[in-house]
Amino acid sequence: MASQDSNEIILDTRAFLVSETDEKGIINFANDEFCKYAGYTIDELIGKPHNIVRHPDMPRAAFKALWDTIKSGNKWRGFVKNRAKDGRYYWVFATVYPFVSCEGSKGYISCRRVVSDMEKKKYEKLYKEMRAGER
Ligand SMILES: Cc1cc2nc3c(=O)[nH]c(=O)nc-3n(C[C@H](O)[C@H](O)[C@H](O)COP(=O)(O)O)c2cc1C
């Protein structure tokens, strides 16, 4: 079971991880919970591309769908396996959407919540099949 894997970081049931990027996916904000689970300080994240937490198990098609959706002005929701700084992983259910700041600059925000063990198992399998098809 996923929760017995020592490489997995289990999110608190009330965890809410937030990050904000510019139009190119460069991080310009992350809340304390994002930093805590990812294992980075805020200074290590600001100015870095968001793929800093990309896990190799994630299929390319998932991120293509994410970018196609948000670039066309829509909201993307999906399951993401992220890699923490120490190499461990954590699953999140992310909602990513475009926004315009009060100064007029455009960017994207992602809000993330906990994922159930059943969904982790489902997406672990699905993403594995998708990755196999990408090779
Ligand atoms: C607001 C926002 C949040 C993102 N959050 C994540 C994330 O938590 N994990 C992740 O792997 N990619 C995230 N991405 C997607 C990355 O920008 C990137 O496309 C992805 O990690 C794949 O990396 P690659 O394009 O270098 O292959 C996010 C993008 C945006 C715009």
# chains A, B, ... in the order shown; residues from 1 in each chain; ligands from 1
>>> residues_around(residues="Glu20 in chain A", least_positions_apart="5", cutoff="10 Å", atoms="only C-alpha atoms", output="list in words")
Gly25, Ile26, Ile27, Asn28, Phe29, Ala30, Asn31, Ile46, His50, Val96, Tyr97, Pro98, Phe99, Gly107, Tyr108, Ile109, Ser110 and Cys111 of chain A
>>> residues_near_ligand(ligand="ligand 1", cutoff="10 Å", atoms="only C-alpha atoms and all ligand atoms", output="JSON, numbers by chain")
{"A": [17, 18, 19, 20, 21, 22, 23, 24, 25, 26, 27, 28, 29, 30, 34, 38, 48, 49, 50, 51, 52, 53, 54, 55, 56, 57, 58, 59, 60, 61, 62, 63, 64, 65, 66, 67, 70, 71, 76, 79, 80, 81, 82, 83, 90, 91, 92, 93, 94, 95, 96, 97, 98, 99, 107, 108, 109, 110, 111, 112]}
>>> residues_around(residues="Ile9 in chain A", least_positions_apart="4", cutoff="9 Å", atoms="only C-alpha atoms", output="compact mmCIF listing (two decimals) with C-alpha atoms, in the first residue's frame")
# COMPACT_ATOMS: atom_id res chain seq x y z
CA SER A 3 1.04 4.67 2.78
CA ASP A 5 6.19 3.12 1.40
CA TYR A 37 6.41 19.10 1.81
CA ALA A 84 10.76 16.40 -2.77
CA ARG A 88 11.00 11.19 -1.60
CA TYR A 89 7.62 11.76 -3.27
CA TYR A 90 4.18 13.08 -2.41
CA TRP A 91 0.87 12.95 -4.29
>>> select_by_dssp(residues="range 2-57 of chain A", states="helix (DSSP H, G or I)", output="ChimeraX atom specification")
/A:2-4,32-38,42-45,50-53
>>> closest_residue(among="A:Lys85, A:Ser72, A:Ile10, A:Asp117", to="Glu44 in chain A", atoms="only C-alpha atoms")
A:Lys85
>>> closest_residue(among="A:Phe16, A:Arg131, A:Gly73, A:Lys121", to="Val100 in chain A", atoms="only C-alpha atoms")
A:Gly73
>>> atom_distance(atom1="CA of Gly87 in chain A", atom2="CA of Gly133 in chain A")
24.8 Å
>>> select_by_dssp(residues="chain A", states="strand (DSSP E or B)", output="MDAnalysis selection string")
chainID A and resid 8 17:22 26:30 49 54 76:83 89:100 106:113
>>> write_last_selection(atoms="C-alpha atoms", output="CSV table (one decimal), in the first residue's frame")
chain,number,residue,atom,x,y,z
A,8,GLU,CA,6.3,8.6,0.4
A,17,LEU,CA,-0.1,23.6,-0.8
A,18,VAL,CA,-0.1,26.8,-3.0
A,19,SER,CA,2.3,28.1,-5.5
A,20,GLU,CA,2.2,30.8,-8.1
A,21,THR,CA,4.2,31.2,-11.3
A,22,ASP,CA,4.7,33.7,-14.1
A,26,ILE,CA,8.8,30.3,-13.0
A,27,ILE,CA,7.9,30.2,-9.3
A,28,ASN,CA,7.3,33.6,-7.7
A,29,PHE,CA,5.4,32.4,-4.6
A,30,ALA,CA,5.0,29.3,-2.5
A,49,PRO,CA,11.1,26.6,-13.0
A,54,ARG,CA,8.9,17.1,-11.2
A,76,TRP,CA,-6.8,22.3,-15.1
A,77,ARG,CA,-7.4,19.7,-12.3
A,78,GLY,CA,-5.4,16.6,-12.0
A,79,PHE,CA,-3.4,14.2,-9.9
A,80,VAL,CA,0.4,14.9,-9.6
A,81,LYS,CA,3.2,12.9,-8.1
A,82,ASN,CA,5.9,15.4,-7.0
A,83,ARG,CA,9.5,14.8,-6.0
A,89,TYR,CA,7.6,11.8,-3.3
A,90,TYR,CA,4.2,13.1,-2.4
A,91,TRP,CA,0.9,13.0,-4.3
A,92,VAL,CA,-1.3,16.0,-4.7
A,93,PHE,CA,-4.7,16.8,-6.3
A,94,ALA,CA,-3.9,20.1,-8.1
A,95,THR,CA,-6.2,22.8,-9.4
A,96,VAL,CA,-4.2,25.2,-11.7
A,97,TYR,CA,-5.7,28.4,-13.1
A,98,PRO,CA,-4.6,31.6,-14.8
A,99,PHE,CA,-4.9,34.9,-13.1
A,100,VAL,CA,-4.0,38.6,-13.7
A,106,LYS,CA,-0.3,37.4,-16.0
A,107,GLY,CA,0.5,34.2,-14.2
A,108,TYR,CA,-0.8,30.9,-12.9
A,109,ILE,CA,-1.7,29.6,-9.4
A,110,SER,CA,-1.8,26.0,-8.2
A,111,CYS,CA,-3.7,24.9,-5.1
A,112,ARG,CA,-3.1,21.3,-3.9
A,113,ARG,CA,-4.9,18.9,-1.6
>>> atom_distance(atom1="CA of Val115 in chain A", atom2="CA of Lys128 in chain A")
17.5 Å
